[in-house]
Structure formats: C-alpha cells, structure tokens
$ cat model-v6.txt   # compact mmCIF, C-alpha atoms
# COMPACT_ATOMS: atom_id res chain seq x y z
CA MET A 23 17.69 14.51 -8.46
CA THR A 24 18.42 11.22 -10.13
CA ASP A 25 21.06 11.20 -12.85
CA HIS A 26 19.08 8.79 -15.04
CA ALA A 27 15.77 10.63 -15.37
CA PHE A 28 13.65 9.93 -18.40
CA LEU A 29 11.63 13.12 -17.90
CA THR A 30 12.06 15.77 -15.24
CA ASP A 31 10.67 19.11 -14.17
CA GLY A 32 13.72 19.84 -12.01
CA ARG A 33 12.06 18.67 -8.79
CA VAL A 34 10.39 15.39 -9.79
CA SER A 35 11.46 12.91 -12.44
CA LEU A 36 10.06 9.84 -14.12
CA ARG A 37 12.61 7.11 -14.62
CA PRO A 38 12.73 3.40 -15.33
CA ILE A 39 11.96 1.13 -12.40
CA GLU A 40 15.13 -0.44 -11.05
CA PRO A 41 15.47 -3.69 -9.08
CA ASP A 42 16.34 -1.70 -5.93
CA ASP A 43 12.96 0.09 -6.18
CA LEU A 44 10.91 -3.09 -5.98
CA PRO A 45 10.81 -3.64 -2.20
CA ALA A 46 9.63 -0.06 -1.52
CA LEU A 47 7.12 -0.13 -4.39
CA ARG A 48 5.77 -3.48 -3.21
CA ALA A 49 5.47 -2.15 0.35
CA GLY A 50 3.65 0.91 -0.98
CA TRP A 51 1.38 -1.21 -3.17
CA ASN A 52 0.49 -3.36 -0.15
CA ASP A 53 0.06 -0.43 2.26
CA PRO A 54 -3.61 -0.05 3.28
CA ALA A 55 -3.39 3.73 2.84
CA VAL A 56 -2.53 3.10 -0.85
CA TRP A 57 -4.51 0.05 -1.90
CA ARG A 58 -7.73 1.25 -0.33
CA MET A 59 -7.66 4.21 -2.73
CA LEU A 60 -7.05 2.11 -5.86
CA ASP A 61 -9.70 0.06 -7.60
CA THR A 62 -7.71 -2.95 -8.79
CA VAL A 63 -4.95 -3.67 -6.30
CA GLU A 64 -4.42 -7.14 -4.91
CA PRO A 65 -1.79 -7.94 -2.27
CA GLN A 66 1.54 -8.84 -3.78
CA SER A 67 4.19 -11.13 -2.34
CA PRO A 68 7.84 -10.41 -3.17
CA GLY A 69 7.97 -12.86 -6.09
CA SER A 70 4.57 -11.99 -7.53
CA PHE A 71 5.23 -8.25 -7.43
CA GLU A 72 8.53 -8.62 -9.30
CA ARG A 73 6.86 -10.82 -11.93
CA MET A 74 4.05 -8.28 -12.32
CA VAL A 75 6.54 -5.43 -12.88
CA GLU A 76 8.54 -7.56 -15.33
CA GLY A 77 5.31 -8.23 -17.22
CA TRP A 78 4.65 -4.50 -17.45
CA GLN A 79 8.17 -3.86 -18.71
CA ASP A 80 7.82 -6.55 -21.39
CA ASP A 81 4.43 -5.30 -22.65
CA ASP A 82 4.42 -2.72 -25.46
CA ARG A 83 1.05 -1.48 -24.18
CA HIS A 84 2.39 -0.59 -20.74
CA VAL A 85 5.10 1.85 -19.60
CA PRO A 86 5.82 1.88 -15.85
CA PHE A 87 7.84 4.69 -14.28
CA ALA A 88 9.35 5.22 -10.87
CA ILE A 89 8.52 8.67 -9.54
CA ASP A 90 11.73 10.13 -8.13
CA ALA A 91 12.29 13.25 -6.03
CA ASP A 92 15.79 12.82 -4.61
CA GLY A 93 14.76 9.22 -4.06
CA LEU A 94 11.86 6.97 -4.91
CA VAL A 95 8.46 8.45 -4.00
CA GLY A 96 5.98 6.49 -6.12
CA LEU A 97 4.86 4.81 -9.31
CA LEU A 98 3.16 6.11 -12.47
CA GLN A 99 1.92 3.73 -15.14
CA VAL A 100 0.99 4.60 -18.70
CA LYS A 101 -0.99 1.48 -19.41
CA ARG A 102 -3.55 -0.15 -21.66
CA ILE A 103 -2.13 1.79 -24.58
CA HIS A 104 -4.39 1.22 -27.56
CA TRP A 105 -2.15 2.21 -30.44
CA GLN A 106 -4.85 2.28 -33.12
CA SER A 107 -7.12 4.62 -31.12
CA ARG A 108 -4.13 6.42 -29.51
CA ILE A 109 -5.63 6.13 -26.02
CA CYS A 110 -4.09 5.09 -22.71
CA THR A 111 -4.92 4.89 -19.03
CA PHE A 112 -2.90 6.41 -16.19
CA SER A 113 -2.60 4.93 -12.74
CA TYR A 114 -0.30 6.16 -10.02
CA PHE A 115 0.41 6.22 -6.33
CA VAL A 116 2.79 8.02 -4.02
CA LEU A 117 4.37 6.20 -1.12
CA PRO A 118 2.55 7.02 2.14
CA ASP A 119 5.44 8.98 3.65
CA ALA A 120 5.70 11.17 0.52
CA THR A 121 2.07 12.30 0.21
CA GLY A 122 1.06 15.93 0.27
CA ASP A 123 4.17 17.32 -1.43
CA GLY A 124 2.78 17.58 -4.97
CA TYR A 125 4.70 14.58 -6.32
CA ALA A 126 1.64 12.92 -7.85
CA THR A 127 0.60 16.13 -9.61
CA ALA A 128 4.10 16.68 -10.99
CA ALA A 129 4.37 13.03 -12.08
CA VAL A 130 1.00 13.14 -13.86
CA GLU A 131 2.06 16.34 -15.66
CA LEU A 132 5.28 14.67 -16.81
CA GLY A 133 3.34 11.56 -17.79
CA LEU A 134 1.04 13.70 -19.93
CA GLU A 135 4.05 15.21 -21.67
CA TYR A 136 5.25 11.70 -22.42
CA ALA A 137 1.84 10.41 -23.55
CA PHE A 138 0.99 13.33 -25.81
CA ASP A 139 4.40 14.53 -27.05
CA SER A 140 6.48 11.35 -27.14
CA LEU A 141 3.85 8.70 -27.85
CA GLY A 142 1.54 10.91 -29.91
CA LEU A 143 -1.55 9.74 -28.06
CA HIS A 144 -4.93 11.45 -28.45
CA ARG A 145 -6.52 10.74 -25.07
CA VAL A 146 -5.47 9.85 -21.54
CA GLN A 147 -7.99 8.45 -19.10
CA ALA A 148 -7.94 7.57 -15.42
CA LYS A 149 -10.25 6.29 -12.68
CA THR A 150 -10.51 7.23 -9.03
CA ILE A 151 -12.56 5.90 -6.17
CA ALA A 152 -14.89 8.66 -5.01
CA LEU A 153 -13.38 8.67 -1.53
CA ASN A 154 -9.91 9.37 -3.00
CA GLU A 155 -10.23 13.15 -3.00
CA GLY A 156 -6.47 13.64 -3.28
CA SER A 157 -6.29 11.79 -6.58
CA GLN A 158 -9.31 13.72 -7.87
CA ARG A 159 -7.48 16.99 -7.10
CA VAL A 160 -4.39 15.72 -8.94
CA LEU A 161 -6.43 15.00 -12.07
CA GLU A 162 -8.33 18.29 -11.87
CA LYS A 163 -5.05 20.25 -11.54
CA ALA A 164 -3.72 18.42 -14.60
CA GLY A 165 -6.78 19.44 -16.63
CA PHE A 166 -8.74 16.19 -16.65
CA THR A 167 -12.53 16.32 -16.93
CA HIS A 168 -14.77 14.15 -14.77
CA GLU A 169 -16.66 12.21 -17.44
CA GLY A 170 -18.82 9.83 -15.48
CA THR A 171 -19.55 7.84 -12.38
CA ALA A 172 -19.98 4.10 -12.08
CA ARG A 173 -22.17 3.99 -9.02
CA ARG A 174 -21.00 1.74 -6.19
CA GLN A 175 -18.55 -0.19 -8.37
CA ALA A 176 -15.49 -0.22 -6.07
CA TYR A 177 -15.58 -2.45 -3.00
CA VAL A 178 -13.35 -1.25 -0.16
CA ASP A 179 -13.42 -2.33 3.48
CA GLY A 180 -16.82 -3.95 3.30
CA SER A 181 -18.69 -1.24 1.45
CA TYR A 182 -19.22 -0.07 -2.11
CA HIS A 183 -18.01 3.28 -3.44
CA ASP A 184 -18.50 5.13 -6.70
CA LEU A 185 -15.77 4.85 -9.33
CA LEU A 186 -15.16 8.10 -11.20
CA SER A 187 -13.94 8.23 -14.81
CA TRP A 188 -11.70 11.04 -16.00
CA GLY A 189 -10.37 12.01 -19.43
CA LEU A 190 -8.07 14.51 -21.08
CA LEU A 191 -7.65 15.07 -24.82
CA ASP A 192 -4.38 16.12 -26.41
CA GLU A 193 -5.81 19.42 -27.72
CA GLU A 194 -7.13 20.30 -24.24
CA TRP A 195 -3.73 19.61 -22.74
CA ARG A 196 -1.94 21.68 -25.41
CA GLU A 197 -4.34 24.62 -24.95
CA ARG A 198 -3.85 24.53 -21.20
CA ARG A 199 -0.08 24.28 -21.51
CA GLU A 200 0.13 27.17 -23.99
CA GLY A 201 -2.41 29.33 -22.12

$ encode --input "model-v6.txt" --output "structure tokens"
Amino acid sequence: MTDHAFLTDGRVSLRPIEPDDLPALRAGWNDPAVWRMLDTVEPQSPGSFERMVEGWQDDDRHVPFAIDADGLVGLLQVKRIHWQSRICTFSYFVLPDATGDGYATAAVELGLEYAFDSLGLHRVQAKTIALNEGSQRVLEKAGFTHEGTARRQAYVDGSYHDLLSWGLLDEEWRERREG
C-alpha cells in the first residue's frame, strides 16, 4: 500500500496524482477498452494529457485521485463540484489489466466518504453508457439509484447508445453505511 494515501480502506487507496502516474493514466485513458465505456473521452497526446491533469489540479471544482492498490490501478475524479448546491459528479476508470478485482467499487466507496464527510456535499451523480455493465454494477453496489436514461446519446464505434444517469444523496449513503 502506498505510504502517501489520502484515503484508504487497507486494500485500495486514493492519493494525489504524481508525475510518474501520467504515462500509465494516459495509456489507460487512450485504451479502447476504457474510452469506449466513457462518454466524454478524447484521445490525449503526452503533452495534452499532462495539461489536462494540471488543469484539474488547479481547479477548485475538481479533485482528481490516483487509485492505488500496491501500485497505480486507475483514476477517480470528483468533478464539477457546485459548492452552492453541494453537488458533484464522479467519473472513474480502472486500467485494463486491473479490472475485475473490485478496485473501482472500493475507489467509489472511498470517494463517497470524501465527498460526503470531507467536502460536506449533498449529492453525488455519475453517468454510464448502457453497454458499460461493469460500471453500472459499481454504482449499484455503492448505493446509487438509476435516475434516468438519455436515449441514444452516447456515440461509440459508429452507433448510438443510451446514457444512464445515477445519483446518491448523503442521507442515503449514511443510512446504508450505518445499516
């Protein structure tokens, strides 16, 4: 486990993104197995990816984390924080060779702890492409509710797919955690 974790459950941690993480995160971001499952990813060259991450780190409405499990396994972003409404959006991915081990679920759970306990937010939302069943399971396990479907909004590999909206309120998360 990393010695500079921001949040950890003992197996997975969220930590600041370091310069050494950028090549692997960029490769993951650009991997077809990853970007096909996300609704807003554009290919990133080495310079543009670094500038994008720097922009996130300089924005008080965006908190990017490296997901670490004895090494980098992915990225979780707490983004589009609207401080007045106390709402944010989560996005995340796990590197292709680290899928299926529960890292995304653990990272989302830690991200919820951060969003609700540390930031005092009221609501966390996320979106998934309908064909991304793995991400839907992650959100369901974390207690999110499917709130709606934007029919055929995501364009992937020459065809349109539904975009699903998910939400979780702080009181729902607290009830689930205490129950």

$ residues_near_point --input "model-v6.txt" --point "(-2.1, 10.5, -25.5)" --cutoff "8 Å" --atoms "only C-alpha atoms" --output "ChimeraX atom specification"
/A:108-110,134,137-139,141-146,191-192

$ atom_distance --input "model-v6.txt" --atom1 "CA of Ala152 in chain A" --atom2 "CA of Glu169 in chain A"
13.0 Å

$ atom_distance --input "model-v6.txt" --atom1 "CA of Leu97 in chain A" --atom2 "CA of His183 in chain A"
23.7 Å

$ residues_around --input "model-v6.txt" --residues "Ile39 in chain A" --least-positions-apart "6" --cutoff "8 Å" --atoms "only C-alpha atoms" --output "PDB file with C-alpha atoms, in the coordinates of the input"
ATOM      1  CA  PRO A  86       5.820   1.880 -15.850  1.00  0.00           C
ATOM      2  CA  PHE A  87       7.840   4.690 -14.280  1.00  0.00           C
ATOM      3  CA  ALA A  88       9.350   5.220 -10.870  1.00  0.00           C
TER       4      ALA A  88
END

$ atom_distance --input "model-v6.txt" --atom1 "CA of Glu197 in chain A" --atom2 "CA of Glu135 in chain A"
13.0 Å

$ closest_residue --input "model-v6.txt" --among "A:Lys163, A:Ile151, A:Ala91, A:Gly201" --to "Leu186 in chain A" --atoms "all atoms listed in the file"
A:Ile151

$ residues_around --input "model-v6.txt" --residues "range 112-125 of chain A" --least-positions-apart "5" --cutoff "9 Å" --atoms "all atoms listed in the file" --output "ChimeraX atom specification"
/A:33-34,46-47,49-51,53,55-56,60,89-91,94-102,130,133,146-149,156-157,160

$ closest_residue --input "model-v6.txt" --among "A:Ala164, A:Met59, A:Arg196, A:Gly93" --to "Asp42 in chain A" --atoms "all atoms listed in the file"
A:Gly93

$ residues_around --input "model-v6.txt" --residues "Arg58 in chain A" --least-positions-apart "6" --cutoff "10 Å" --atoms "only C-alpha atoms" --output "PyMOL selection string"
chain A and resi 51-52+151+153-154+176-179

$ closest_residue --input "model-v6.txt" --among "A:Asp82, A:Arg37, A:Thr111, A:Pro45" --to "Ser70 in chain A" --atoms "only C-alpha atoms"
A:Pro45

$ closest_residue --input "model-v6.txt" --among "A:Asp81, A:Arg48, A:Ala172, A:Tyr136" --to "Pro65 in chain A" --atoms "all atoms listed in the file"
A:Arg48

$ closest_residue --input "model-v6.txt" --among "A:Ser67, A:Glu131, A:His104, A:Leu29" --to "Arg198 in chain A" --atoms "all atoms listed in the file"
A:Glu131

$ residues_around --input "model-v6.txt" --residues "Glu194 in chain A" --least-positions-apart "4" --cutoff "9 Å" --atoms "all atoms listed in the file" --output "PDB file with C-alpha atoms, in the frame of the given file"
ATOM      1  CA  GLY A 165      -6.780  19.440 -16.630  1.00  0.00           C
ATOM      2  CA  PHE A 166      -8.740  16.190 -16.650  1.00  0.00           C
ATOM      3  CA  LEU A 190      -8.070  14.510 -21.080  1.00  0.00           C
ATOM      4  CA  ARG A 198      -3.850  24.530 -21.200  1.00  0.00           C
ATOM      5  CA  ARG A 199      -0.080  24.280 -21.510  1.00  0.00           C
TER       6      ARG A 199
END
